[in-house]
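A.B. asks: One file is attached below, my_file34.txt, containing compact mmCIF, C-alpha atoms.
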# COMPACT_ATOMS: atom_id res chain seq x y z
CA MET F 1 -117.11 -133.02 -15.61
CA ARG F 2 -116.11 -132.37 -12.02
CA ASN F 3 -113.36 -129.86 -11.37
CA ILE F 4 -111.18 -131.84 -8.95
CA ALA F 5 -108.67 -129.00 -8.63
CA ALA F 6 -111.42 -126.62 -7.51
CA LEU F 7 -112.60 -129.13 -4.91
CA GLN F 8 -109.07 -129.55 -3.62
CA GLU F 9 -108.83 -125.78 -3.25
CA ILE F 10 -112.00 -125.89 -1.17
CA ALA F 11 -110.57 -128.73 0.93
CA LEU F 12 -107.43 -126.67 1.52
CA ARG F 13 -109.44 -123.66 2.70
CA VAL F 14 -111.47 -125.94 4.96
CA ARG F 15 -108.31 -127.29 6.60
CA ARG F 16 -106.89 -123.79 7.05
CA ASN F 17 -110.08 -122.64 8.75
CA VAL F 18 -110.16 -125.69 11.00
CA ILE F 19 -106.64 -124.83 12.21
CA LYS F 20 -107.72 -121.24 12.86
CA MET F 21 -110.85 -122.35 14.72
CA VAL F 22 -109.23 -124.83 17.10
CA THR F 23 -106.29 -122.49 17.73
CA GLU F 24 -108.56 -119.56 18.57
CA ALA F 25 -110.65 -121.81 20.84
CA LYS F 26 -107.56 -123.58 22.25
CA SER F 27 -109.65 -126.71 21.87
CA GLY F 28 -111.10 -128.90 19.15
CA HIS F 29 -110.87 -132.13 17.20
CA ILE F 30 -108.52 -131.56 14.29
CA GLY F 31 -107.46 -135.15 13.53
CA GLY F 32 -110.86 -136.52 12.58
CA SER F 33 -111.79 -133.28 10.84
CA PHE F 34 -108.79 -133.53 8.53
CA SER F 35 -109.28 -137.25 7.86
CA ALA F 36 -112.81 -136.65 6.56
CA THR F 37 -112.31 -133.35 4.71
CA GLU F 38 -112.46 -134.71 1.15
CA ILE F 39 -115.55 -136.77 2.02
CA ALA F 40 -117.47 -133.81 3.43
CA VAL F 41 -116.44 -131.52 0.55
CA SER F 42 -117.56 -134.16 -1.97
CA LEU F 43 -120.95 -134.48 -0.34
CA TYR F 44 -121.73 -130.79 0.14
CA PHE F 45 -120.34 -129.55 -3.17
CA GLU F 46 -121.29 -132.37 -5.55
CA GLU F 47 -123.51 -135.12 -4.21
CA MET F 48 -126.19 -133.49 -2.08
CA ASN F 49 -128.84 -131.09 -3.33
CA ILE F 50 -128.23 -128.52 -0.59
CA THR F 51 -128.19 -124.82 -1.43
CA LYS F 52 -128.92 -121.50 0.23
CA ASP F 53 -132.40 -121.67 -1.27
CA ASN F 54 -133.35 -125.08 0.11
CA VAL F 55 -131.20 -125.35 3.24
CA LYS F 56 -134.24 -124.85 5.51
CA ASP F 57 -136.37 -127.39 3.63
CA LYS F 58 -137.39 -130.42 5.63
CA VAL F 59 -137.26 -132.61 2.54
CA ARG F 60 -133.92 -132.75 0.67
CA ASP F 61 -130.74 -134.79 0.84
CA LYS F 62 -129.50 -134.80 4.43
CA PHE F 63 -126.13 -135.24 6.15
CA VAL F 64 -125.68 -136.54 9.68
CA LEU F 65 -122.27 -136.11 11.27
CA SER F 66 -122.50 -139.09 13.59
CA LYS F 67 -118.94 -138.43 14.82
CA GLY F 68 -120.14 -135.06 16.06
CA HIS F 69 -116.82 -134.09 17.63
CA ALA F 70 -115.61 -133.35 14.07
CA SER F 71 -117.78 -130.24 14.14
CA PRO F 72 -114.91 -127.95 13.03
CA LEU F 73 -114.99 -129.75 9.68
CA LEU F 74 -118.73 -129.35 9.31
CA PHE F 75 -118.70 -125.66 10.25
CA ALA F 76 -115.80 -124.93 7.88
CA VAL F 77 -117.61 -126.68 5.02
CA LEU F 78 -120.84 -124.79 5.76
CA CYS F 79 -118.82 -121.59 5.64
CA GLU F 80 -117.56 -122.53 2.18
CA LYS F 81 -121.18 -123.13 1.12
CA GLY F 82 -122.05 -119.61 2.22
CA PHE F 83 -124.21 -120.60 5.20
CA LEU F 84 -121.81 -119.05 7.74
CA PRO F 85 -119.61 -115.95 7.56
CA GLU F 86 -115.92 -116.78 7.97
CA SER F 87 -115.68 -114.37 10.90
CA GLU F 88 -118.16 -116.51 12.88
CA LEU F 89 -115.83 -119.51 12.70
CA LEU F 90 -113.54 -117.78 15.18
CA THR F 91 -116.31 -117.91 17.80
CA PHE F 92 -116.00 -121.71 17.84
CA ARG F 93 -116.51 -123.16 21.34
CA LYS F 94 -116.89 -119.72 22.94
CA ILE F 95 -119.67 -118.87 25.37
CA ASN F 96 -122.93 -117.97 23.56
CA SER F 97 -121.54 -118.99 20.16
CA ASN F 98 -123.76 -121.01 17.82
CA LEU F 99 -120.69 -123.06 16.92
CA GLN F 100 -120.00 -125.44 19.77
CA GLY F 101 -117.86 -128.56 20.11
CA HIS F 102 -120.75 -130.62 18.79
CA PRO F 103 -123.15 -129.35 16.10
CA ASN F 104 -126.62 -128.13 17.05
CA MET F 105 -129.30 -128.20 14.36
CA ASN F 106 -131.26 -125.46 16.12
CA TYR F 107 -128.54 -122.87 15.69
CA VAL F 108 -126.78 -123.48 12.37
CA ASP F 109 -128.29 -123.75 8.87
CA GLY F 110 -127.07 -126.89 7.15
CA VAL F 111 -126.68 -128.92 10.34
CA ASP F 112 -129.31 -131.59 9.81
CA MET F 113 -128.99 -133.36 13.17
CA SER F 114 -127.59 -132.45 16.58
CA THR F 115 -124.93 -135.05 17.33
CA GLY F 116 -122.12 -135.79 19.73
CA SER F 117 -123.17 -138.83 21.78
CA LEU F 118 -121.29 -141.46 19.80
CA GLY F 119 -123.47 -143.98 18.01
CA GLN F 120 -126.64 -141.93 17.98
CA GLY F 121 -126.08 -140.16 14.68
CA LEU F 122 -126.44 -143.28 12.55
CA SER F 123 -129.63 -144.17 14.42
CA ALA F 124 -131.08 -140.77 13.58
CA ALA F 125 -130.01 -141.16 9.96
CA VAL F 126 -131.85 -144.50 9.74
CA GLY F 127 -135.04 -142.83 10.95
CA MET F 128 -134.69 -139.97 8.49
CA ALA F 129 -134.07 -142.32 5.57
CA LEU F 130 -136.98 -144.55 6.59
CA SER F 131 -139.29 -141.53 6.69
CA TYR F 132 -138.32 -140.66 3.12
CA LYS F 133 -139.05 -144.23 2.03
CA ILE F 134 -142.44 -144.30 3.74
CA HIS F 135 -143.45 -141.03 2.08
CA ASN F 136 -142.02 -141.98 -1.33
CA GLN F 137 -139.61 -139.04 -1.23
CA ASP F 138 -136.64 -139.58 -3.51
CA PHE F 139 -133.82 -138.22 -1.35
CA ARG F 140 -130.79 -139.74 0.35
CA VAL F 141 -129.39 -139.53 3.85
CA TYR F 142 -125.62 -139.67 4.31
CA SER F 143 -124.05 -140.35 7.71
CA LEU F 144 -120.35 -139.98 8.51
CA VAL F 145 -119.35 -142.50 11.17
CA GLY F 146 -116.03 -142.85 13.00
CA ASP F 147 -114.21 -146.17 13.16
CA GLY F 148 -113.70 -145.65 16.90
CA GLU F 149 -117.37 -144.75 17.15
CA SER F 150 -118.16 -148.10 15.55
CA GLN F 151 -117.28 -149.73 18.86
CA GLU F 152 -120.61 -148.41 20.16
CA GLY F 153 -123.40 -150.97 20.35
CA MET F 154 -125.93 -148.45 19.09
CA ILE F 155 -124.18 -148.41 15.71
CA TRP F 156 -125.03 -152.07 15.24
CA GLU F 157 -128.61 -151.70 16.47
CA ALA F 158 -129.02 -149.00 13.82
CA ALA F 159 -127.32 -151.22 11.24
CA MET F 160 -129.78 -154.04 11.95
CA ALA F 161 -132.76 -151.71 11.69
CA ALA F 162 -131.55 -150.20 8.41
CA ALA F 163 -131.19 -153.63 6.83
CA HIS F 164 -134.51 -154.87 8.21
CA TYR F 165 -136.43 -151.91 6.81
CA LYS F 166 -134.50 -151.98 3.51
CA VAL F 167 -133.53 -148.31 3.61
CA ASP F 168 -131.46 -148.30 0.44
CA ASN F 169 -131.55 -144.49 0.42
CA LEU F 170 -129.14 -144.50 3.39
CA VAL F 171 -125.37 -144.26 2.93
CA ALA F 172 -123.05 -144.71 5.91
CA ILE F 173 -119.47 -143.59 5.32
CA VAL F 174 -117.01 -144.89 7.91
CA ASP F 175 -113.99 -142.64 8.37
CA LYS F 176 -111.47 -145.42 8.97
CA ASN F 177 -108.38 -143.52 10.10
CA GLY F 178 -107.39 -146.27 12.54
CA LEU F 179 -107.08 -144.03 15.60
CA GLN F 180 -109.22 -142.77 18.43
CA VAL F 181 -108.63 -140.55 21.43
CA ASN F 182 -106.44 -143.01 23.38
CA GLY F 183 -104.64 -144.92 20.63
CA ARG F 184 -105.14 -147.34 17.76
CA THR F 185 -108.63 -148.72 17.32
CA THR F 186 -107.19 -152.22 16.90
CA ASP F 187 -105.53 -151.97 20.34
CA ILE F 188 -108.49 -150.48 22.18
CA MET F 189 -111.27 -152.65 20.72
CA ASN F 190 -110.32 -154.61 17.65
CA SER F 191 -113.37 -154.67 15.40
CA SER F 192 -111.47 -156.49 12.62
CA SER F 193 -113.03 -155.91 9.20
CA LEU F 194 -115.74 -153.27 9.38
CA GLU F 195 -116.67 -154.04 5.78
CA GLU F 196 -117.36 -157.68 6.67
CA LYS F 197 -119.25 -156.65 9.79
CA PHE F 198 -121.60 -154.36 7.89
CA LYS F 199 -122.11 -157.11 5.31
CA ALA F 200 -123.01 -159.50 8.11
CA PHE F 201 -125.61 -156.99 9.30
CA GLY F 202 -127.27 -156.94 5.88
CA TRP F 203 -125.58 -153.96 4.23
CA SER F 204 -123.92 -153.75 0.84
CA THR F 205 -120.39 -152.46 1.30
CA ARG F 206 -117.39 -151.10 -0.60
CA THR F 207 -114.00 -149.65 0.34
CA MET F 208 -112.35 -146.53 -1.07
CA ASN F 209 -109.49 -144.09 -0.50
CA GLY F 210 -111.23 -141.31 1.40
CA HIS F 211 -108.72 -138.68 0.29
CA ASP F 212 -108.97 -139.36 -3.45
CA PHE F 213 -111.79 -137.28 -4.91
CA SER F 214 -112.03 -139.46 -8.00
CA GLN F 215 -112.45 -142.61 -5.92
CA VAL F 216 -114.97 -140.91 -3.67
CA PHE F 217 -117.11 -139.85 -6.62
CA ASP F 218 -116.81 -143.20 -8.40
CA THR F 219 -117.97 -144.96 -5.24
CA LEU F 220 -120.82 -142.58 -4.49
CA ALA F 221 -122.02 -142.89 -8.09
CA CYS F 222 -122.79 -146.56 -7.46
CA VAL F 223 -125.13 -146.16 -4.47
CA PRO F 224 -127.29 -147.91 -3.69
CA PHE F 225 -124.85 -150.75 -4.24
CA GLU F 226 -127.76 -153.19 -4.10
CA LYS F 227 -131.46 -152.43 -4.34
CA GLY F 228 -133.19 -152.99 -1.02
CA LYS F 229 -130.00 -152.71 1.05
CA PRO F 230 -128.40 -149.75 2.82
CA SER F 231 -124.94 -148.89 1.52
CA CYS F 232 -121.80 -148.68 3.65
CA ILE F 233 -118.57 -147.13 2.37
CA ILE F 234 -115.40 -147.86 4.30
CA ALA F 235 -113.15 -144.85 3.66
CA ASP F 236 -109.47 -145.53 4.28
CA THR F 237 -108.11 -142.23 5.60
CA VAL F 238 -105.21 -140.73 7.54
CA LYS F 239 -105.74 -139.01 10.87
CA CYS F 240 -104.80 -135.32 10.61
CA LYS F 241 -104.17 -135.65 6.86
CA GLY F 242 -102.14 -132.73 5.52
CA LEU F 243 -100.47 -131.67 8.77
CA THR F 244 -97.42 -133.91 8.36
CA TYR F 245 -96.19 -133.88 11.96
CA GLY F 246 -99.64 -134.87 13.18
CA GLU F 247 -100.53 -137.53 10.62
CA ASP F 248 -101.40 -140.98 11.94
CA ASN F 249 -100.81 -139.83 15.53
CA TYR F 250 -103.58 -140.33 18.07
CA GLN F 251 -102.32 -137.35 20.09
CA PHE F 252 -103.70 -135.14 17.33
CA HIS F 253 -107.24 -136.48 17.81
CA HIS F 254 -107.91 -133.40 19.97
CA TRP F 255 -105.24 -130.71 19.49
CA HIS F 256 -104.58 -127.08 18.74
CA CYS F 257 -101.47 -125.08 17.85
CA GLU F 258 -100.02 -122.49 20.12
CA SER F 259 -100.72 -119.05 18.68
CA GLY F 260 -97.15 -118.59 17.47
CA GLU F 261 -97.24 -121.88 15.56
CA ILE F 262 -100.34 -121.27 13.47
CA ASP F 263 -98.59 -119.82 10.42
CA ASN F 264 -96.19 -122.76 10.33
CA ALA F 265 -99.04 -125.28 10.61
CA ILE F 266 -101.05 -123.60 7.88
CA GLY F 267 -97.93 -123.42 5.72
CA ILE F 268 -97.33 -127.15 6.08
CA VAL F 269 -100.92 -127.93 5.14
CA CYS F 270 -100.76 -125.61 2.14
CA THR F 271 -97.55 -127.30 0.98
CA GLU F 272 -98.90 -130.83 1.37
CA MET F 273 -102.25 -130.10 -0.24
CA GLY F 274 -100.46 -128.10 -2.93
CA LYS F 275 -98.71 -131.29 -3.96
CA GLU F 276 -102.12 -132.87 -4.55
CA LEU F 277 -103.16 -129.89 -6.67
CA ASP F 278 -99.98 -130.23 -8.71
CA LYS F 279 -100.84 -133.86 -9.45
CA VAL F 280 -104.22 -132.81 -10.82
CA GLY F 281 -102.58 -130.12 -12.93
CA LYS F 282 -100.31 -132.71 -14.50
Starting from the file, give its structure as structure tokens.
C.D. replies:
Amino acid sequence: MRNIAALQEIALRVRRNVIKMVTEAKSGHIGGSFSATEIAVSLYFEEMNITKDNVKDKVRDKFVLSKGHASPLLFAVLCEKGFLPESELLTFRKINSNLQGHPNMNYVDGVDMSTGSLGQGLSAAVGMALSYKIHNQDFRVYSLVGDGESQEGMIWEAAMAAAHYKVDNLVAIVDKNGLQVNGRTTDIMNSSSLEEKFKAFGWSTRTMNGHDFSQVFDTLACVPFEKGKPSCIIADTVKCKGLTYGEDNYQFHHWHCESGEIDNAIGIVCTEMGKELDKVGK
């Protein structure tokens, strides 16, 4: 039985480290990192067969952060897995650091694809999943996609290809926090129902609360949702979840605290996430 409280503790540490990273760098995408924290923790600590022993293997479950600007989240999770020392996180976005604003697979163990150009990550994930199918290798590829990113045409080219080649070992998880850098996704380019769109492109889809570990695991346990079809999970999330004064605010898409505010920000996150831990305890 999964220890949800332990996973929430990990998610709390991830959020704390993300705050420290973007504050030290005076730059970084906190909003989309916080909205996808529970998803990434679920994948790396429960769903995917990724360990220190197999992290360099070419053949294993893979994760593609298509919304590559959420690299603080990925680096903080990899730190929790033991692939990065915590001290290295504070080099984020500094000259000559391996930890840049977008993840580079050549520099960091556990980064399975270099991403950042929006739309390209899902395309790479389709190719990886198709390769596993061709070679009869029983592994999955998970790709975390932004809802703002889903305005990119390349996302839908990849979606068509995935359905055509029946890559049912591919799982796209859309972080639907409703915001992007300049405002609400519905105001900038209303894509209406992403679930219906992926269905129309030949995918099998479901919707979940992306912050509820139990819902995340129940949903992931059902993939592939249909044999012969790629699976898409629409994760309803909150931008900057946990930092109350930044929640559901597009101005926190890319943000950092001033150095004197970091303790207060971390304290707020600890309080909010502590409430979730209390619920589990009850």
A.B. asks: Residues within 10 Å of Pro72 (chain F), please, as number ranges by chain. Count all atoms listed in the file; anything in the same chain fewer than 2 positions from it doesn't count.
C.D. replies: F: 14-15, 17-22, 28-30, 32-34, 68-70, 74-78, 89, 92-93, 99-103
A.B. asks: Please provide the set of residues having any atom within 10 Å of region 131-135 of chain F, restricted to all atoms listed in the file, with same-chain residues fewer than 5 positions apart removed, written as a list in words.
C.D. replies: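 Here the answer would be Val59, Arg60, Asp61, Ala125, Val126, Arg140, Val141, Tyr165, Lys166, Val167, Asp168, Asn169 and Leu170 of chain F.
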A.B. asks: Of the candidates F:Val55, F:Ile10, F:Leu194, F:Val64, which shows the shortest atom-to-atom distance to Phe83 (chain F), using only C-alpha atoms?
C.D. replies: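 The closest residue to Phe83 (chain F) is F:Val55.
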A.B. asks: Counting only C-alpha atoms, figure out which residue out of F:Asp278, F:Asp147, F:Glu47, F:Glu157 gets nearest to Met189 (chain F).
C.D. replies: F:Asp147
A.B. asks: If you count all atoms listed in the file, which residues fall within 6 Å of region 201-216 of chain F, apart from same-chain ones fewer than 6 positions away, as a list of chain:residue names?
C.D. replies: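 My list of contacting residues is F:Glu38, F:Met160, F:Ala163, F:Phe225, F:Lys229, F:Pro230, F:Ser231, F:Cys232, F:Ile233, F:Ile234, F:Ala235, F:Asp236, F:Thr237.
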A.B. asks: The residues within 6 Å of (-126.6, -132.1, 16.1), using only C-alpha atoms and the coordinates of the file, should be reported as JSON, numbers by chain; which are they?
C.D. replies: {"F": [103, 104, 105, 113, 114, 115]}
A.B. asks: Find the residues around Met154 (chain F) up to 12 Å (only C-alpha atoms counted), leave out those fewer than 4 positions away in its own chain, and share them as a list in words.
C.D. replies: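 Once the nearby chain positions are removed, what remains is Ser66, Ser117, Leu118, Gly119, Gln120, Gly121, Leu122, Ser123, Ala124, Val126, Val145, Glu149, Ser150, Ala158, Ala159, Met160 and Ala161 of chain F.
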A.B. asks: Restricting the calculation to all atoms listed in the file: of F:Ser27, F:Gly146, F:Asn96, F:Phe217, which residue gets closest to Val41 (chain F)?
C.D. replies: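 For Val41 (chain F), the nearest of the candidates is F:Phe217.
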A.B. asks: Near Ala6 (chain F), counting only C-alpha atoms, which residues have an atom at most 12 Å away, once you skip same-chain residues fewer than 2 positions from it, shown as a PDB file with C-alpha atoms, in the frame of the given file?
C.D. replies:
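Final output, saved to part.pdb:
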ATOM      1  CA  MET F   1    -117.110-133.020 -15.610  1.00  0.00           C
ATOM      2  CA  ARG F   2    -116.110-132.370 -12.020  1.00  0.00           C
ATOM      3  CA  ASN F   3    -113.360-129.860 -11.370  1.00  0.00           C
ATOM      4  CA  ILE F   4    -111.180-131.840  -8.950  1.00  0.00           C
ATOM      5  CA  GLN F   8    -109.070-129.550  -3.620  1.00  0.00           C
ATOM      6  CA  GLU F   9    -108.830-125.780  -3.250  1.00  0.00           C
ATOM      7  CA  ILE F  10    -112.000-125.890  -1.170  1.00  0.00           C
ATOM      8  CA  ALA F  11    -110.570-128.730   0.930  1.00  0.00           C
ATOM      9  CA  LEU F  12    -107.430-126.670   1.520  1.00  0.00           C
ATOM     10  CA  ARG F  13    -109.440-123.660   2.700  1.00  0.00           C
ATOM     11  CA  GLU F  38    -112.460-134.710   1.150  1.00  0.00           C
ATOM     12  CA  VAL F  41    -116.440-131.520   0.550  1.00  0.00           C
ATOM     13  CA  SER F  42    -117.560-134.160  -1.970  1.00  0.00           C
ATOM     14  CA  PHE F  45    -120.340-129.550  -3.170  1.00  0.00           C
ATOM     15  CA  GLU F  46    -121.290-132.370  -5.550  1.00  0.00           C
ATOM     16  CA  PHE F 213    -111.790-137.280  -4.910  1.00  0.00           C
ATOM     17  CA  GLY F 274    -100.460-128.100  -2.930  1.00  0.00           C
ATOM     18  CA  GLU F 276    -102.120-132.870  -4.550  1.00  0.00           C
ATOM     19  CA  LEU F 277    -103.160-129.890  -6.670  1.00  0.00           C
ATOM     20  CA  VAL F 280    -104.220-132.810 -10.820  1.00  0.00           C
ATOM     21  CA  GLY F 281    -102.580-130.120 -12.930  1.00  0.00           C
TER      22      GLY F 281
END
A.B. asks: Can we get region 204-217 of chain F of that structure written down with N, CA and C atoms, as a PDB file, in the first residue's frame?
C.D. replies:
ATOM      1  N   SER F 204      -7.275   7.815 -26.029  1.00  0.00           N
ATOM      2  CA  SER F 204      -8.216   7.512 -24.959  1.00  0.00           C
ATOM      3  C   SER F 204      -7.872   8.429 -23.797  1.00  0.00           C
ATOM      4  N   THR F 205      -8.878   9.117 -23.254  1.00  0.00           N
ATOM      5  CA  THR F 205      -8.592  10.177 -22.295  1.00  0.00           C
ATOM      6  C   THR F 205      -9.387  10.044 -20.998  1.00  0.00           C
ATOM      7  N   ARG F 206      -8.810  10.607 -19.936  1.00  0.00           N
ATOM      8  CA  ARG F 206      -9.488  10.708 -18.643  1.00  0.00           C
ATOM      9  C   ARG F 206      -9.033  11.998 -17.967  1.00  0.00           C
ATOM     10  N   THR F 207      -9.826  12.440 -16.992  1.00  0.00           N
ATOM     11  CA  THR F 207      -9.509  13.660 -16.244  1.00  0.00           C
ATOM     12  C   THR F 207      -9.343  13.314 -14.769  1.00  0.00           C
ATOM     13  N   MET F 208      -8.420  13.999 -14.098  1.00  0.00           N
ATOM     14  CA  MET F 208      -8.181  13.750 -12.677  1.00  0.00           C
ATOM     15  C   MET F 208      -7.797  15.042 -11.983  1.00  0.00           C
ATOM     16  N   ASN F 209      -7.820  15.029 -10.658  1.00  0.00           N
ATOM     17  CA  ASN F 209      -7.273  16.103  -9.840  1.00  0.00           C
ATOM     18  C   ASN F 209      -5.768  15.859  -9.720  1.00  0.00           C
ATOM     19  N   GLY F 210      -4.985  16.725 -10.321  1.00  0.00           N
ATOM     20  CA  GLY F 210      -3.541  16.519 -10.360  1.00  0.00           C
ATOM     21  C   GLY F 210      -2.821  16.734  -9.052  1.00  0.00           C
ATOM     22  N   HIS F 211      -3.532  17.176  -8.014  1.00  0.00           N
ATOM     23  CA  HIS F 211      -2.905  17.372  -6.705  1.00  0.00           C
ATOM     24  C   HIS F 211      -3.292  16.291  -5.700  1.00  0.00           C
ATOM     25  N   ASP F 212      -4.159  15.396  -6.103  1.00  0.00           N
ATOM     26  CA  ASP F 212      -4.652  14.337  -5.213  1.00  0.00           C
ATOM     27  C   ASP F 212      -3.914  13.041  -5.549  1.00  0.00           C
ATOM     28  N   PHE F 213      -2.989  12.655  -4.680  1.00  0.00           N
ATOM     29  CA  PHE F 213      -2.179  11.472  -4.970  1.00  0.00           C
ATOM     30  C   PHE F 213      -3.040  10.242  -5.239  1.00  0.00           C
ATOM     31  N   SER F 214      -4.089  10.059  -4.482  1.00  0.00           N
ATOM     32  CA  SER F 214      -4.939   8.882  -4.677  1.00  0.00           C
ATOM     33  C   SER F 214      -5.559   8.870  -6.073  1.00  0.00           C
ATOM     34  N   GLN F 215      -6.046  10.026  -6.518  1.00  0.00           N
ATOM     35  CA  GLN F 215      -6.611  10.099  -7.869  1.00  0.00           C
ATOM     36  C   GLN F 215      -5.547   9.879  -8.933  1.00  0.00           C
ATOM     37  N   VAL F 216      -4.379  10.431  -8.700  1.00  0.00           N
ATOM     38  CA  VAL F 216      -3.287  10.250  -9.672  1.00  0.00           C
ATOM     39  C   VAL F 216      -2.968   8.762  -9.825  1.00  0.00           C
ATOM     40  N   PHE F 217      -2.823   8.056  -8.712  1.00  0.00           N
ATOM     41  CA  PHE F 217      -2.479   6.644  -8.784  1.00  0.00           C
ATOM     42  C   PHE F 217      -3.613   5.800  -9.363  1.00  0.00           C
TER      43      PHE F 217
END
